[in-house]
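So the structure is just underneath, and the comments pick up after that.
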Amino acid sequence: MADFVSLNEFVDRVGAAQPGQFVDAIRAALRAADLPPIVASKLSKVDRGITAIEEAVQGIKSGEFEPEFARMKAFILKRYEKARSRHTFLDAGGNFVDCIGYEEQQTAISARAAGHALLAGPPPAAGFVEPPPTSGRSSFLDVVPVEPPLSRGETDPFGNVVAAPGGTVPVRRVTLAQLARLGRFSRFFEKAAAPLVAAPEPALGPGVDGFVHRHAGAQAETVSGGYVGCTTYLNLWGRDPAPGTMNLSQCWIMGLSPAGGYPDTVESGWMVQPGMYGGMKLPVLFVYFNPDGYGTRSPRGASRSGYGVNQFGEGFITFPDPEYVVNAAAGGFDSLSTPGGPQKGFYTQWQRDDKGNWILYCGPAKTALKGVGYFPAHLYAPTFLANSAEVLQFGGEVAAQAPEPGTGPMGSGVAPSDPAADGFGTVAFQKEISVQTAIGKPMSYTTLIQFETNFSDRGIADPYRSLAGSSTNSAWGSYVFFGGPDGPL
């Protein structure tokens with residue numbers, strides 16, 4: 001186990017760090033990431049490390065190392081420039097989490113500099129229009145809520161309570177070693193585009209982040225005026241994504257550009273991504289934002305997207321006294337669904353308020369949803385998601401990069417079959433999917449249209465499948481099953 005390092009000591013170490021300490025890690029990551037696809041597809045993992053291959057690598061020059069390191073170092077020092085830790089604990093992935101003041105968050109400082117007045121707290125979570133529990137899906141195994149990670153009274157290996165003291169917000173500590181392993185500074189903030197249509201989605205090549213992404217899920221039917229909120233229950237699986245890099249279950253809230261192209265998005269759910277969380281294979285609550293079409297419409301010349309925070313310090317503002325830590329393994333979702341056993345999970349809800357802020361709520365029950373944080377309206381202004389969302393999608397995603405042979409398992413690693421045998425108890429799902437069409441209006445179940453990556457042009461069966469349905473049973477409602485064992489790049 002690593003030694004306990006206070007936030008002050010950590011910042012001092014970052015300030016004194018030199019490029020030579022991280023050049024090897026940056027070089028190795030750049031070599032792996034920047035191989036031309038035609039070369040990478042022919043190489044084994046061993047081959048990728050040999051010196052001769054560097055002659056075939058595009059974009060790696062000796063002069064790149066120090067600038068990349070400088071960007072990483074500057075970002076971390078800026079992130080903690082005004083932060084003072086009131087409490088620090090270690091999460092399940094071995095990452096430190098620092099509990100700081102609400103206004104000391106890098107994202108809060110950036111928002112205030114842009115003229116945004118911080119919210120004092122979240123408005124109440126939305127209510128629901130519940131159909132009478134008269135029919136549909138009466139035979140299913142137990143669905144067990146998972147208690148919020150910061151309310152369990154757990155302690156870390158150092159004896160520190162895994163909780164945020166009153167008035168503070170928990171922030172995962174980002175280190176130089178984590179960033180160096182990615183090679184390029186920008187990769188810490190990247191995630192490829194959401195599926196744009198309700199199936200079949202073609203099996204395309206690499207996305208804007210250089211990774212091949214696959215999807216399976218369901219899309220809410222289109223409504224006039226768009227959406228201002230949604231709720232879903234996600235059951236939790238800890239399936240290792242190898243040979244892929246990520247395995248996740250999420251919702252996509254999309255604002256479409258009148259000019260076409262990639263949408264703007266608010267995204268959240270659970271994610272298993274060992275490369276980002278110290279090798280940990282437990283699911284983590286993540287939030288992601290994309291206010292510029294994944295960088296294709298960025299006014300700054302670089303993508304403003306990011307996992308909670310982007311490279312300019314903008315992003316998700318956590319409320320004081322939360323029960324969850326975003327983008328961290330704090331407490332971990334270590335209580336997982338089991339094949340043939342209880343299906344464990346949690347609820348998420350997004351609401352747009354009357355000022356255009358997108359607010360996230362989480363909880364073990366629809367009646368116990370509490371505000372976690374929000375994306376301020378100015379990130380999306382003046383169009384797209386500052387007004388409403390045209391598209392809501394729910395389901396799974398996986399990703400990988402050549403020369404890996406495939407994108408890995410999605411969800412539980414088991415695909416749904418048909419309405420008569422959908423695989424409850426073995427397949428990943430989201431249920432009680434509800435939508436909100438006006439601010440202050442209750443959430444209600446919706447009609448869903450399933451989608452999945454289509455491999456028919458390759459002459460093979462679709463490895464990732466989805467199955468959407470609806471029930472008048474108030475404990476199930478609108479739902480989607482999704483997943484599969486593996487798929488080719």
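Ordering of the structure tokens sets the chain letters (A, B, ...); residue numbers start at 1 within each chain; ligands are numbered from 1 in the order shown.
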
**OP:** Within stretch 70-105 of chain A, find each residue whose DSSP state, derived from the backbone, is helix (DSSP H, G or I), and express the selection as a PyMOL selection string.
**Re:** chain A and resi 70-79+102-104

Original post:
Neighbours of stretch 175-183 of chain A within 6 Å (only C-alpha atoms; same-chain residues fewer than 5 positions away dropped), as an MDAnalysis selection string?
Top reply: chainID A and resid 25:26 29:30

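Coordinates place atom CA of A:Tyr288 at a distance of 16.5 Å from atom CA of A:Gly371.
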
Tell me, as a CSV table (one decimal) with C-alpha atoms, in the first residue's frame, which residues lie within 7 Å of stretch 395-400 of chain A, counting only C-alpha atoms; anything in the same chain fewer than 4 positions away does not count.
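Written out: result_26.csv:
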chain,number,residue,atom,x,y,z
A,211,PHE,CA,-10.9,4.2,-30.4
A,212,VAL,CA,-13.6,2.0,-31.9
A,213,HIS,CA,-16.8,2.3,-30.0
A,214,ARG,CA,-19.9,0.0,-30.0
A,215,HIS,CA,-23.3,0.6,-28.6
A,216,ALA,CA,-26.6,-1.2,-27.8
A,217,GLY,CA,-29.6,0.3,-26.1
A,218,ALA,CA,-32.8,2.2,-26.6
A,244,GLY,CA,-11.5,-3.5,-24.6
A,245,THR,CA,-10.8,-0.5,-22.5
A,246,MET,CA,-14.2,0.3,-21.1
A,247,ASN,CA,-17.5,-1.3,-20.3
A,248,LEU,CA,-20.4,1.0,-19.3
A,249,SER,CA,-24.1,1.5,-18.8
A,250,GLN,CA,-25.3,5.1,-19.2
A,251,CYS,CA,-27.8,7.6,-20.5
A,404,GLU,CA,-6.5,-5.4,-29.7
A,406,GLY,CA,-12.0,-6.9,-30.1
A,407,THR,CA,-13.9,-4.4,-28.0
A,408,GLY,CA,-14.6,-6.8,-25.1
A,410,MET,CA,-20.7,-5.1,-22.7
A,411,GLY,CA,-22.8,-5.0,-19.6
A,482,PHE,CA,-28.5,-4.9,-23.6
A,483,GLY,CA,-25.0,-6.4,-23.9

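Near A:Val309, within a cut-off of 10 Å and counting only C-alpha atoms, sit the residues Arg79, Gln106, Thr107, Phe188, Phe189, Val287, Tyr288, Phe289, Arg304, Ser305, Gly306, Phe312, Gly313, Glu314, Gly315, Phe316, Ile317, Asn327 and Phe375 of chain A, with same-chain residues fewer than 3 positions away left out.
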
Those same residues - C-alpha atoms - I'd like them written as an mmCIF file, in the first residue's frame.
data_model
loop_
_atom_site.group_PDB
_atom_site.id
_atom_site.type_symbol
_atom_site.label_atom_id
_atom_site.label_comp_id
_atom_site.auth_asym_id
_atom_site.auth_seq_id
_atom_site.Cartn_x
_atom_site.Cartn_y
_atom_site.Cartn_z
ATOM 1 C CA ARG A 79 -6.678 22.318 -10.323
ATOM 2 C CA GLN A 106 -11.659 24.153 -10.141
ATOM 3 C CA THR A 107 -14.962 23.927 -12.019
ATOM 4 C CA PHE A 188 -7.628 12.289 -20.239
ATOM 5 C CA PHE A 189 -10.731 14.137 -21.451
ATOM 6 C CA VAL A 287 -20.315 11.996 -15.544
ATOM 7 C CA TYR A 288 -19.170 13.283 -18.918
ATOM 8 C CA PHE A 289 -19.977 16.467 -20.772
ATOM 9 C CA ARG A 304 -14.127 21.290 -24.272
ATOM 10 C CA SER A 305 -15.355 17.793 -23.364
ATOM 11 C CA GLY A 306 -14.262 15.892 -20.279
ATOM 12 C CA PHE A 312 -9.722 24.376 -19.367
ATOM 13 C CA GLY A 313 -11.003 23.648 -15.849
ATOM 14 C CA GLU A 314 -14.683 23.892 -16.826
ATOM 15 C CA GLY A 315 -17.262 21.269 -15.954
ATOM 16 C CA PHE A 316 -19.329 19.536 -13.288
ATOM 17 C CA ILE A 317 -19.794 21.391 -9.990
ATOM 18 C CA ASN A 327 -15.425 9.829 -11.521
ATOM 19 C CA PHE A 375 -23.267 21.347 -15.313
#

Original post:
Could you pull the residues within 9 Å of A:Asp292, counting only C-alpha atoms, minus those fewer than 4 positions along the same chain, as a ChimeraX atom specification?
Top reply: /A:262-265,296-299,303-305,380

Go ahead and write the residues just picked, C-alpha atoms, as a tab-separated table (two decimals), in the first residue's frame.
chain	number	residue	atom	x	y	z
A	262	TYR	CA	-22.01	15.38	-33.74
A	263	PRO	CA	-24.44	16.36	-30.96
A	264	ASP	CA	-23.74	18.11	-27.68
A	265	THR	CA	-24.27	15.77	-24.73
A	296	THR	CA	-15.73	19.45	-33.79
A	297	ARG	CA	-17.33	22.84	-33.01
A	298	SER	CA	-14.98	24.03	-30.28
A	299	PRO	CA	-14.54	27.82	-30.17
A	303	SER	CA	-12.27	19.98	-27.31
A	304	ARG	CA	-14.13	21.29	-24.27
A	305	SER	CA	-15.36	17.79	-23.36
A	380	TYR	CA	-23.90	24.89	-23.51

**OP:** One decimal, Å: what's the distance from atom CA of A:Ala415 over to atom CA of A:Tyr445, could you say?
**Re:** 23.9 Å

**OP:** List the neighbours of A:Phe4 out to 10 Å using only C-alpha atoms; skip same-chain residues closer than 2 positions along the sequence, and give me the result as number ranges by chain.
**Re:** A: 1-2, 6-7, 9-10, 88-90, 96, 157-158

Can you check which parts of stretch 109-170 of chain A lie within 6 Å of stretch 359-365 of chain A? Per residue, the shortest pair of atoms and distance in Å to one decimal, counting only C-alpha atoms, sorted by chain and number, as a Markdown table.
| residue | atom | partner | partner_atom | distance |
| --- | --- | --- | --- | --- |
| A:Pro145 | CA | A:Pro364 | CA | 4.9 |
| A:Val146 | CA | A:Pro364 | CA | 5.7 |
| A:Glu147 | CA | A:Pro364 | CA | 5.8 |

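Rounded to one decimal, atom CA of A:Met280 and atom CA of A:Ala92 lie 7.6 Å from each other.
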
Original post:
Just asking: which residues within stretch 204-286 of chain A are strand (DSSP E) according to DSSP, as a PyMOL selection string?
Top reply: chain A and resi 212-220+229-235+246-255+264-272+284-286
